[in-house]
Each structure stands twice: as structure tokens, then as C-alpha cells.
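A quick write-up on the structure given underneath.
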Amino acid sequence: MDTTFLQTLGLKDQNAGTSTGLKTMDSGQYIESYTPVNGQLIGKVSQTTPEEYEQVMAAAQAAFKTWRTTPAPVRGEIVRQYGLKLREYKDELGRLVSYEMGKSLQEGWGEVQEMIDICDFAVGLSRQLYGLTMHSERPNHRMYEQWHPLGVVGIISAFNFPVAVWSWNSMIALVCGDVTVWKASEKAPLCAVACQNILREVLKENDVPEGISSIINGDYKIGELMTNDTRMPLISATGSTRMGKIVGATVAARMGKTILELGGNNAIIVTPSADINVVLTGALFGAVGTAGQRCTTTRRLIVHDSIYNEVKEKMTKAYGQLRIGNPLDQNNHVGPLIDKDAVQNYLNALEAVQQEGGKLLVSGGVLEGEGYESGCYVKPCIVEAEHDYKTVHTETFAPILYLIKYSELEEAIAIQNEVPQGLSSAIMTNDLREAERFLSAAGSDCGIANVNIGTSGAEIGGAFGGEKETGGGRESGSDAWKAYMRRQTNTINYSTTVPLAQGIKFDL
Ligand code: UN1
């Protein structure tokens with residue numbers, strides 16, 4: 001297989017390691033990265049030691065001192081240049097994402113496109129970090145609020161979006177005047193190094209202080225250093241609910257802030273008026289895209305009983321046409337799962353749901369033989385299930401779609417909302433009343449609610465995140481930037497007296 005993209009991204013013949021902007025450190029201990037595409041070792045990154053972590057934090061804090069007073073539009077200019085570089089490297093970086101993580105090349109490129117998009121968004125934002133002005137109740141007083149940078153922002157990201165999620169956080173944080181320290185997933189560490197290598201070119205060309213963006217590598221132990229570190233006022237973590245509960249509690253105990261973007265158990269409600277072609281495309285991509293490993297993956301299809309058989313037949317037929325194989329080969333729709341543990345979780349869930357009474361409409365299983373040597377390729381499957389099965393309420397990061405029947409819209413909305421997670425949701429309908437009902441305060445309880453679109457593939461312009469066990473954080477667009485800054489209310493007296501608020505008299 002042609003892997004020249006590794007060279008272009010600076011990942012050949014070097015032990016990429018802990019890195020503060022310009023300088024790379026090598027501890028002599030490594031994390032190896034194996035691709036699920038063919039099971040081969042791609043490369044290794046040096047593990048960050050506690051001493052190196054201290055060096056990274058020192059560089060970050062030093063960089064923050066100058067970065068926080070650099071005018072926001074000047075900070076935006078660095079992000080603009082990074083967006084331009086990403087356009088240059090889009091092909092190679094997309095290939096690396098696909099190779100290291102296993103998603104289809106189209107989705108790998110799509111992920112890099114999300115990075116480019118968030119850069120563009122952040123550049124515009126760098127001139128729009130608006131605060132409000134208020135009217136003071138006192139004469140000759142002025143009141144306003146302004147937004148200041150927070151400091152060192154810790155970013156913990158997951159394997160499934162190994163480059164985009166970092167960029168949503170870091171590009172926004174950078175224009176906000178923060179500096180970032182990124183702990184990428186141990187399952188996709190080379191993607192992080194590649195992002196840093198590309199950024200390094202921009203930092204060098206602009207003589208930007210080295211610590212504004214750093215990467216550290218390691219397991220939960222290095223994550224613990226971050227969550228306990230009072231020098232990190234904000235930690236943005238993407239990953240499992242299990243991880244998020246620990247991160248959230250630890251950071252809260254020191255009064256730090258978190259942005260948590262955790263599990264999803266996303267459903268599409270299919271109503272009688274739905275356009276069936278829209279349903280098929282939306283649900284299919286939602287369920288099998290990234291081999292079911294998006295936090296926005298469609299896991300439940302809640303279908304009205306009048307069209308249930310039709311949807312069941314057509315979905316089953318569509319699954320029959322899916323091509324599973326090397327994700328870098330554009331003929332294939334579905335690549336491998338990230339590793340064998342993920343395959344085991346998939347198999348366990350399939351067994352559990354069948355024990356609960358679930359019926360396989362499209363059977364699952366692990367693929368074997370030529371092209372499937374890594375043992376990570378599994379068949380996307382559909383299971384006919386009851387809405388209240390324990391397995392159905394659990395997020396399994398794999399392409400398993402549960403088909404559930406409903407008869408009243410109220411019931412469908414209740415089913416959609418009854419799971420512990422609250423990330424993404426959708427309704428397929430051409431009925432205005434149904435759509436508005438779903439979007440109303442009494443409708444979907446998720447952070448994302450769509451009409452005639454699947455649950456995954458959100459654009460960067462909106463705030464991304466969800467409720468309940470999804471963690472409540474918002475990243476990316478809209479006013480999500482406010483979480484990366486501290487708000488300050490200012491009252492200025494330009495009179496010669498000191499009138500007190502609330503009319504209080506305090507005379508000597
Ligand atoms: C994730 O899976 O953590 O909406 C992020 C989507 C993508 C992002 C998913 N834009 O599916």
C-alpha cells in the first residue's frame with residue numbers, strides 16, 4: 001500500500017514525541033501505533049514523562065503571557081495561516097486519519113475539512129469576541145463586560161475524530177488568547193503529531209512563542225496530571241461517559257472548568273409522512289459511517305408501525321449492498337473498528353441483545369480472509385429490538401442499529417428521550433406539526449435535533465454537544481467560544497462623587 005503520505009507529514013524515520021510548538025522531546029519510551037486497516041505497525045511516539053509534562057506546562061505558561069496580550073485578530077491571522085496549510089495537506093492528513101483510525105477516506109478528508117472550516121470560523125470570530133454594554137443605574141457611570149483569555153486549556157480527545165475535535169477546541173481557544181496542551185488518544189497518536197508538525201511550520205514562519213500549542217502522549221496517568229493541575233483552568237474532554245465522570249469530578253473538585261463531550265445513543269424517528277429515500281440515506285450513513293464509531297452515530301431507528309415493514313425491508317436491502325474493506329479504497333463504504341477490544345465489545349453487545357430477545361435482521365460477525373487480516377473488520381448489522389432492552393440503552397461503539405416500532409408520536413419521543421445519553425436526534429417527517437413538536441420544549445431532549453437529516457455529520461457552525469450523560473459541554477461554533485474565556489464586568493465612574501448602587505447612603 002502506498003504510504004508516502006507518512007513522509008509528507010513528517011512521520012517517517014523519526015520518533016515523534018512530546019512537543020511544545022517548536023521543540024520535540026524524546027523520553028526513550030514509546031507508544032506504538034498499529035493500523036486496524038492491515039494490522040501493521042505504522043510508527044511510534046515517545047511517551048511523555050512527568051518531567052517533560054512540567055517542561056510543557058512551563059512553556060505553555062510562558063507563551064500565555066505574550067499570547068494573551070497579542071491582539072485577537074493577530075491571533076486569528078495565525079489560525080488563518082494554519083487553515084491554509086491544512087488545505088495544502090488535506091489529502092495526506094485525510095489519508096493518515098483513514099489509515100491510523102480506519103474510517104473511510106471520504107470521511108478522513110471530511111474530518112480535515114472540518115478543521116479547515118473551524119479555522120475559517122475562528123478567524124472571523126477573532127474580530128467578534130463581543131461583550132455587552134449595560135446602562136448603569138448611577139449617573140456618570142459606565143458598565144460593560146469584556147472577555148479575557150483563561151490560560152492553559154487542556155484538550156483530551158478520542159480516537160474516532162483524531163484531528164477534528166482537537167481543532168474545534170484549539171483553534172477557538174487560540175483566537176480567545178488561550179494556549180493549549182493536547183493529550184490525544186493513545187490509539188491515534190500519529191494524527192496528533194501530524195497536526196503539530198503542520199502547525200509548527202506556521203509557528204516558525206511567524207516567530208510565535210513555542211508553547212502556544214503542545215502535545216503530550218500517554219495513558220490515563222498523564223490525563224490525571226492534567227485533571228489535577230490547577231494551572232489548567234479548563235479541560236475539554238471528548239470520550240466515554242466513564243472517562244468524563246472521572247475528569248468532571250476531579251476538575252470540579254479543584255473548581256476548574258470542563259467541557260465534556262461524551263457518549264451518545266442517537267435515534268431517528270421515522271414517521272408515516274417521511275420521504276423514504278431521505279430515511280434510507282440518512283439512516284444508513286448515520287449508522288455505518290465511521291463503522292458506527294461516531295458519538296453521533298445513529299444507534300436506534302424508531303419507526304411508525306404503518307411503514308415499519310417497508311423500512312425494514314429497504315434498510316435490510318441497503319445493508320446488503322455495503323462494501324466492507326480497506327477504508328483507503330474508495331470502493332468500500334465501511335472500514336475496520338479501531339482494534340480487537342472494540343470487536344469484542346461489538347460481539348458482546350450482539351450476544352447480549354439476542355439474549356434479551358433481539359432478532360438479527362442483518363447478521364453480524366467478524367470478517368476473515370484476504371484483506372481482513374487485522375481481525376478488526378465487522379459486519380454492520382440491524383437488530384429488531386424492544387426500546388427498553390438494557391443493550392439498547394447502552395452505547396456500543398460499533399455498527400449495530402436497533403430497529404424499534406412505535407404507534408404514537410408521543411411514544412416515539414418518549415422512547416427517544418428515555419436513554420441516559422442526550423447528544424443527537426432526528427425526525428424524518430414532512431408533517432410540519434410533527435417536526436415542530438419534536439423540536440419543541442416537550443420534544444427531543446438532545447443537544448442536537450434534526451429534521452430530515454441523520455444524527456451524525458454536524459456542521460462546525462453550530463454548538464456541538466449534548467445533555468445528560470453526554471456531559472453538557474458545547475464545542476465548535478455559535479457562542480461555544482465563551483467557555484474558553486473568562487467574563488469580566490467593569491463599572492467605571494467618571495463623576496467626582498461616589499454614589500452607591502441600590503441607593504445606599506454611606507456618609508461620614
Ligand atoms: C465525535 O464523534 O466525537 O457530527 C464527533 C459529527 C461530526 C463530529 C463527531 N461532525 O458526526
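Please note that chains go A, B, ... in the order of the C-alpha cells, that every chain numbers its residues from 1, and that ligands are numbered from 1 in the order shown.
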- [ ] For stretch 244-253 of chain A, work out the shell of residues within 10 Å, counting only C-alpha atoms and skipping chain neighbours fewer than 2 positions away, then give it as a ChimeraX atom specification.
- [x] /A:156,223-224,226-230,232-242,255-263,469-471
- [ ] Please extract the residues at most 8 Å from ligand 1, counting only C-alpha atoms and all ligand atoms, and provide them as a list in words, using the chain letters and residue numbers of this document.
- [x]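 Going residue by residue within 8 Å of ligand 1, we get Glu111, Glu114, Ala158, Asn160, Phe161, Ala164, Val165, Thr238, Gly239, Glu261, Leu262, Gln293, Arg294, Cys295, Thr296, Thr297, Thr455, Ser456, Gly457, Ala458, Glu459, Ile460 and Phe464 of chain A.
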- [ ] Select from stretch 240-360 of chain A everything DSSP, run on the backbone, classes as strand (DSSP E or B), then give the selection as a list in words.
- [x]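 Here is the list: Lys257, Thr258, Ile259, Leu260, Glu261, Asn266, Ala267, Ile268, Ile269, Val270, Thr298, Arg299, Arg300, Leu301, Ile302, Val303, His304, Ile324, Val334, Lys359 and Leu360 of chain A.
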Can you write out the residues you just picked, keeping C-alpha atoms, as a compact mmCIF listing (two decimals), in the first residue's frame?
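As a result, selection_25.txt now contains:
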```txt
# COMPACT_ATOMS: atom_id res chain seq x y z
CA LYS A 257 -13.98 24.22 34.34
CA THR A 258 -14.73 21.41 31.95
CA ILE A 259 -16.27 20.98 28.55
CA LEU A 260 -17.41 17.37 28.37
CA GLU A 261 -18.45 15.77 25.11
CA ASN A 266 -28.80 8.72 18.98
CA ALA A 267 -32.14 7.94 17.43
CA ILE A 268 -34.04 8.76 14.27
CA ILE A 269 -37.83 8.77 14.45
CA VAL A 270 -39.35 7.76 11.13
CA THR A 298 -27.45 6.51 14.64
CA ARG A 299 -28.00 3.63 17.03
CA ARG A 300 -31.80 3.46 17.15
CA LEU A 301 -34.34 3.71 14.34
CA ILE A 302 -37.79 4.29 15.83
CA VAL A 303 -40.25 3.55 13.04
CA HIS A 304 -44.03 4.05 12.83
CA ILE A 324 -16.64 -3.57 3.82
CA VAL A 334 -17.11 0.70 5.78
CA LYS A 359 -33.69 -10.62 16.49
CA LEU A 360 -30.92 -10.16 13.93
```
Open item on the list: Write out as a PyMOL selection string the set of residues from stretch 287-459 of chain A that DSSP, computed on the backbone, places in helix (DSSP H, G or I).
Closed with: chain A and resi 287-292+308-320+340-355+409-417+432-439
With N, CA and C atoms retained, could you export that selection as a compact mmCIF listing (two decimals), in the first residue's frame?
```txt
# COMPACT_ATOMS: atom_id res chain seq x y z
N ALA A 287 -25.74 5.25 10.61
CA ALA A 287 -25.50 4.00 11.35
C ALA A 287 -24.15 3.36 11.03
N VAL A 288 -23.71 3.45 9.78
CA VAL A 288 -22.48 2.71 9.44
C VAL A 288 -21.28 3.61 9.16
N GLY A 289 -21.51 4.93 9.02
CA GLY A 289 -20.38 5.85 8.84
C GLY A 289 -19.39 5.70 9.98
N THR A 290 -18.10 5.81 9.66
CA THR A 290 -17.03 5.61 10.66
C THR A 290 -17.23 4.28 11.40
N ALA A 291 -17.82 3.30 10.70
CA ALA A 291 -18.10 1.97 11.25
C ALA A 291 -18.81 2.06 12.60
N GLY A 292 -19.74 3.02 12.69
CA GLY A 292 -20.53 3.14 13.91
C GLY A 292 -19.77 3.70 15.10
N TYR A 308 -43.33 0.31 9.06
CA TYR A 308 -42.24 -0.48 9.66
C TYR A 308 -41.69 -1.55 8.71
N ASN A 309 -42.60 -2.32 8.10
CA ASN A 309 -42.12 -3.42 7.24
C ASN A 309 -41.38 -2.90 6.01
N GLU A 310 -41.88 -1.80 5.47
CA GLU A 310 -41.23 -1.22 4.29
C GLU A 310 -39.81 -0.74 4.64
N VAL A 311 -39.70 -0.02 5.76
CA VAL A 311 -38.38 0.48 6.18
C VAL A 311 -37.44 -0.70 6.47
N LYS A 312 -37.98 -1.69 7.15
CA LYS A 312 -37.19 -2.87 7.49
C LYS A 312 -36.64 -3.55 6.23
N GLU A 313 -37.51 -3.76 5.26
CA GLU A 313 -37.08 -4.41 4.02
C GLU A 313 -36.04 -3.59 3.29
N LYS A 314 -36.30 -2.29 3.15
CA LYS A 314 -35.40 -1.45 2.37
C LYS A 314 -34.05 -1.25 3.07
N MET A 315 -34.08 -1.13 4.38
CA MET A 315 -32.81 -0.99 5.11
C MET A 315 -32.00 -2.28 5.00
N THR A 316 -32.68 -3.40 5.15
CA THR A 316 -32.01 -4.69 5.05
C THR A 316 -31.35 -4.83 3.67
N LYS A 317 -32.08 -4.42 2.65
CA LYS A 317 -31.55 -4.50 1.28
C LYS A 317 -30.32 -3.57 1.14
N ALA A 318 -30.44 -2.37 1.68
CA ALA A 318 -29.33 -1.41 1.59
C ALA A 318 -28.08 -1.95 2.30
N TYR A 319 -28.28 -2.58 3.44
CA TYR A 319 -27.13 -3.15 4.16
C TYR A 319 -26.45 -4.23 3.32
N GLY A 320 -27.25 -4.94 2.53
CA GLY A 320 -26.72 -5.99 1.66
C GLY A 320 -25.77 -5.44 0.61
N LYS A 340 -9.05 -4.76 18.39
CA LYS A 340 -9.75 -6.02 18.71
C LYS A 340 -10.63 -5.89 19.95
N ASP A 341 -10.29 -5.00 20.85
CA ASP A 341 -11.16 -4.77 22.01
C ASP A 341 -12.53 -4.27 21.53
N ALA A 342 -12.49 -3.38 20.56
CA ALA A 342 -13.74 -2.85 20.01
C ALA A 342 -14.54 -3.96 19.35
N VAL A 343 -13.85 -4.88 18.68
CA VAL A 343 -14.52 -6.01 18.04
C VAL A 343 -15.20 -6.87 19.13
N GLN A 344 -14.49 -7.08 20.21
CA GLN A 344 -15.05 -7.87 21.31
C GLN A 344 -16.29 -7.20 21.90
N ASN A 345 -16.23 -5.88 22.08
CA ASN A 345 -17.40 -5.16 22.60
C ASN A 345 -18.61 -5.30 21.68
N TYR A 346 -18.32 -5.26 20.39
CA TYR A 346 -19.38 -5.44 19.37
C TYR A 346 -20.01 -6.83 19.51
N LEU A 347 -19.14 -7.84 19.61
CA LEU A 347 -19.65 -9.21 19.72
C LEU A 347 -20.44 -9.39 21.03
N ASN A 348 -19.93 -8.82 22.10
CA ASN A 348 -20.62 -8.93 23.39
C ASN A 348 -22.02 -8.30 23.32
N ALA A 349 -22.09 -7.13 22.68
CA ALA A 349 -23.39 -6.45 22.59
C ALA A 349 -24.36 -7.28 21.76
N LEU A 350 -23.87 -7.86 20.68
CA LEU A 350 -24.75 -8.68 19.83
C LEU A 350 -25.29 -9.88 20.60
N GLU A 351 -24.42 -10.47 21.41
CA GLU A 351 -24.86 -11.62 22.18
C GLU A 351 -25.88 -11.18 23.24
N ALA A 352 -25.55 -10.09 23.91
CA ALA A 352 -26.43 -9.61 24.99
C ALA A 352 -27.81 -9.26 24.46
N VAL A 353 -27.86 -8.58 23.33
CA VAL A 353 -29.17 -8.14 22.83
C VAL A 353 -30.00 -9.35 22.38
N GLN A 354 -29.34 -10.36 21.87
CA GLN A 354 -30.08 -11.56 21.47
C GLN A 354 -30.63 -12.29 22.69
N GLN A 355 -29.84 -12.25 23.76
CA GLN A 355 -30.32 -12.88 25.00
C GLN A 355 -31.54 -12.16 25.56
N LEU A 409 -46.71 9.46 18.12
CA LEU A 409 -45.51 10.30 18.15
C LEU A 409 -45.02 10.55 19.58
N GLU A 410 -45.98 10.76 20.48
CA GLU A 410 -45.60 10.99 21.89
C GLU A 410 -44.75 9.85 22.42
N GLU A 411 -45.18 8.64 22.05
CA GLU A 411 -44.48 7.44 22.49
C GLU A 411 -43.07 7.40 21.88
N ALA A 412 -42.98 7.77 20.60
CA ALA A 412 -41.67 7.76 19.93
C ALA A 412 -40.72 8.75 20.59
N ILE A 413 -41.24 9.93 20.93
CA ILE A 413 -40.40 10.95 21.59
C ILE A 413 -39.96 10.46 22.97
N ALA A 414 -40.89 9.81 23.67
CA ALA A 414 -40.54 9.27 24.99
C ALA A 414 -39.45 8.21 24.86
N ILE A 415 -39.55 7.37 23.86
CA ILE A 415 -38.53 6.33 23.64
C ILE A 415 -37.19 6.99 23.32
N GLN A 416 -37.26 7.98 22.43
CA GLN A 416 -36.03 8.69 22.05
C GLN A 416 -35.35 9.30 23.27
N ASN A 417 -36.15 9.80 24.20
CA ASN A 417 -35.58 10.51 25.36
C ASN A 417 -35.27 9.61 26.57
N LEU A 432 -45.43 19.30 9.23
CA LEU A 432 -44.92 20.44 9.99
C LEU A 432 -45.18 20.31 11.49
N ARG A 433 -46.38 19.83 11.81
CA ARG A 433 -46.75 19.72 13.22
C ARG A 433 -45.83 18.74 13.94
N GLU A 434 -45.58 17.63 13.28
CA GLU A 434 -44.70 16.62 13.90
C GLU A 434 -43.29 17.18 14.10
N ALA A 435 -42.81 17.86 13.07
CA ALA A 435 -41.44 18.39 13.15
C ALA A 435 -41.33 19.40 14.29
N GLU A 436 -42.29 20.30 14.35
CA GLU A 436 -42.24 21.35 15.39
C GLU A 436 -42.43 20.75 16.79
N ARG A 437 -43.26 19.73 16.87
CA ARG A 437 -43.48 19.05 18.15
C ARG A 437 -42.15 18.45 18.64
N PHE A 438 -41.43 17.84 17.71
CA PHE A 438 -40.16 17.20 18.02
C PHE A 438 -39.11 18.23 18.47
N LEU A 439 -39.18 19.43 17.87
CA LEU A 439 -38.19 20.46 18.19
C LEU A 439 -38.58 21.32 19.38
```
TODO: Using only C-alpha atoms, find the one residue out of A:Ser306, A:Thr18, A:Asn265, A:Asn430 that sits nearest to A:Glu395.
DONE: A:Asn265
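Residues in contact with A:Ile400 at 7 Å, where only C-alpha atoms are counted and same-chain residues fewer than 2 positions away are skipped, are listed as Arg299, Pro380, Cys381, Ile382, Ala398 and Tyr402 of chain A.
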Task: Test item: residues at most 9 Å from A:Gly477, only C-alpha atoms, excluding those fewer than 3 positions along its chain, as a PyMOL selection string - done: chain A and resi 118+121-122+168+172+459-464+474+480-481
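Of the listed residues (A:Asn140, A:Asn277, A:Ser19, A:Thr35), A:Ser19 comes nearest to A:Glu210; the distances count only C-alpha atoms.
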Task: Atomic distance atom CA of A:Leu150 - atom CA of A:Tyr484, expressed in Å with one decimal - done: 6.3 Å
- [ ] Give the answer as one residue: which of A:Phe285, A:Tyr406, A:Tyr82, A:Phe506 has the shortest atom-to-atom distance to A:Ser170, using only C-alpha atoms?
- [x]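 Once distances to A:Ser170 are computed over only C-alpha atoms, the minimum belongs to A:Tyr82.
Separating atom CA of A:Gly422 from atom CA of A:Val278 is a distance of 23.2 Å.
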Task: Shell around A:Cys176 at 8 Å using only C-alpha atoms, local window under 3 positions removed, as a PyMOL selection string - done: chain A and resi 72+126+129+148-149+172-173+481+484-485
Write the residues you've just listed into a file as a PDB file, in the first residue's frame, and include N, CA and C atoms for each of them.
```pdb
ATOM      1  N   ALA A  72      -6.446  39.966  19.390  1.00  0.00           N
ATOM      2  CA  ALA A  72      -7.181  38.782  18.916  1.00  0.00           C
ATOM      3  C   ALA A  72      -7.121  38.624  17.391  1.00  0.00           C
ATOM      4  N   SER A 126     -12.269  35.961  15.654  1.00  0.00           N
ATOM      5  CA  SER A 126     -11.207  36.733  16.310  1.00  0.00           C
ATOM      6  C   SER A 126     -11.508  38.239  16.297  1.00  0.00           C
ATOM      7  N   LEU A 129     -15.250  38.824  19.407  1.00  0.00           N
ATOM      8  CA  LEU A 129     -15.341  38.323  20.786  1.00  0.00           C
ATOM      9  C   LEU A 129     -16.082  39.375  21.619  1.00  0.00           C
ATOM     10  N   HIS A 148     -11.869  37.872  28.670  1.00  0.00           N
ATOM     11  CA  HIS A 148     -10.411  37.717  28.718  1.00  0.00           C
ATOM     12  C   HIS A 148     -10.020  36.252  28.531  1.00  0.00           C
ATOM     13  N   PRO A 149      -8.797  36.032  28.049  1.00  0.00           N
ATOM     14  CA  PRO A 149      -8.336  34.643  27.923  1.00  0.00           C
ATOM     15  C   PRO A 149      -8.285  33.951  29.280  1.00  0.00           C
ATOM     16  N   ILE A 172     -10.420  27.609  18.398  1.00  0.00           N
ATOM     17  CA  ILE A 172     -11.238  28.576  19.131  1.00  0.00           C
ATOM     18  C   ILE A 172     -10.445  29.099  20.332  1.00  0.00           C
ATOM     19  N   ALA A 173      -9.801  28.174  21.062  1.00  0.00           N
ATOM     20  CA  ALA A 173      -9.034  28.584  22.239  1.00  0.00           C
ATOM     21  C   ALA A 173      -7.926  29.565  21.838  1.00  0.00           C
ATOM     22  N   TRP A 481     -17.421  29.623  22.121  1.00  0.00           N
ATOM     23  CA  TRP A 481     -16.149  30.278  22.479  1.00  0.00           C
ATOM     24  C   TRP A 481     -16.165  30.826  23.896  1.00  0.00           C
ATOM     25  N   TYR A 484     -14.255  29.307  26.678  1.00  0.00           N
ATOM     26  CA  TYR A 484     -12.789  29.361  26.629  1.00  0.00           C
ATOM     27  C   TYR A 484     -12.249  30.687  27.155  1.00  0.00           C
ATOM     28  N   MET A 485     -13.160  31.513  27.680  1.00  0.00           N
ATOM     29  CA  MET A 485     -12.738  32.833  28.157  1.00  0.00           C
ATOM     30  C   MET A 485     -13.355  33.091  29.528  1.00  0.00           C
TER      31      MET A 485
END
```
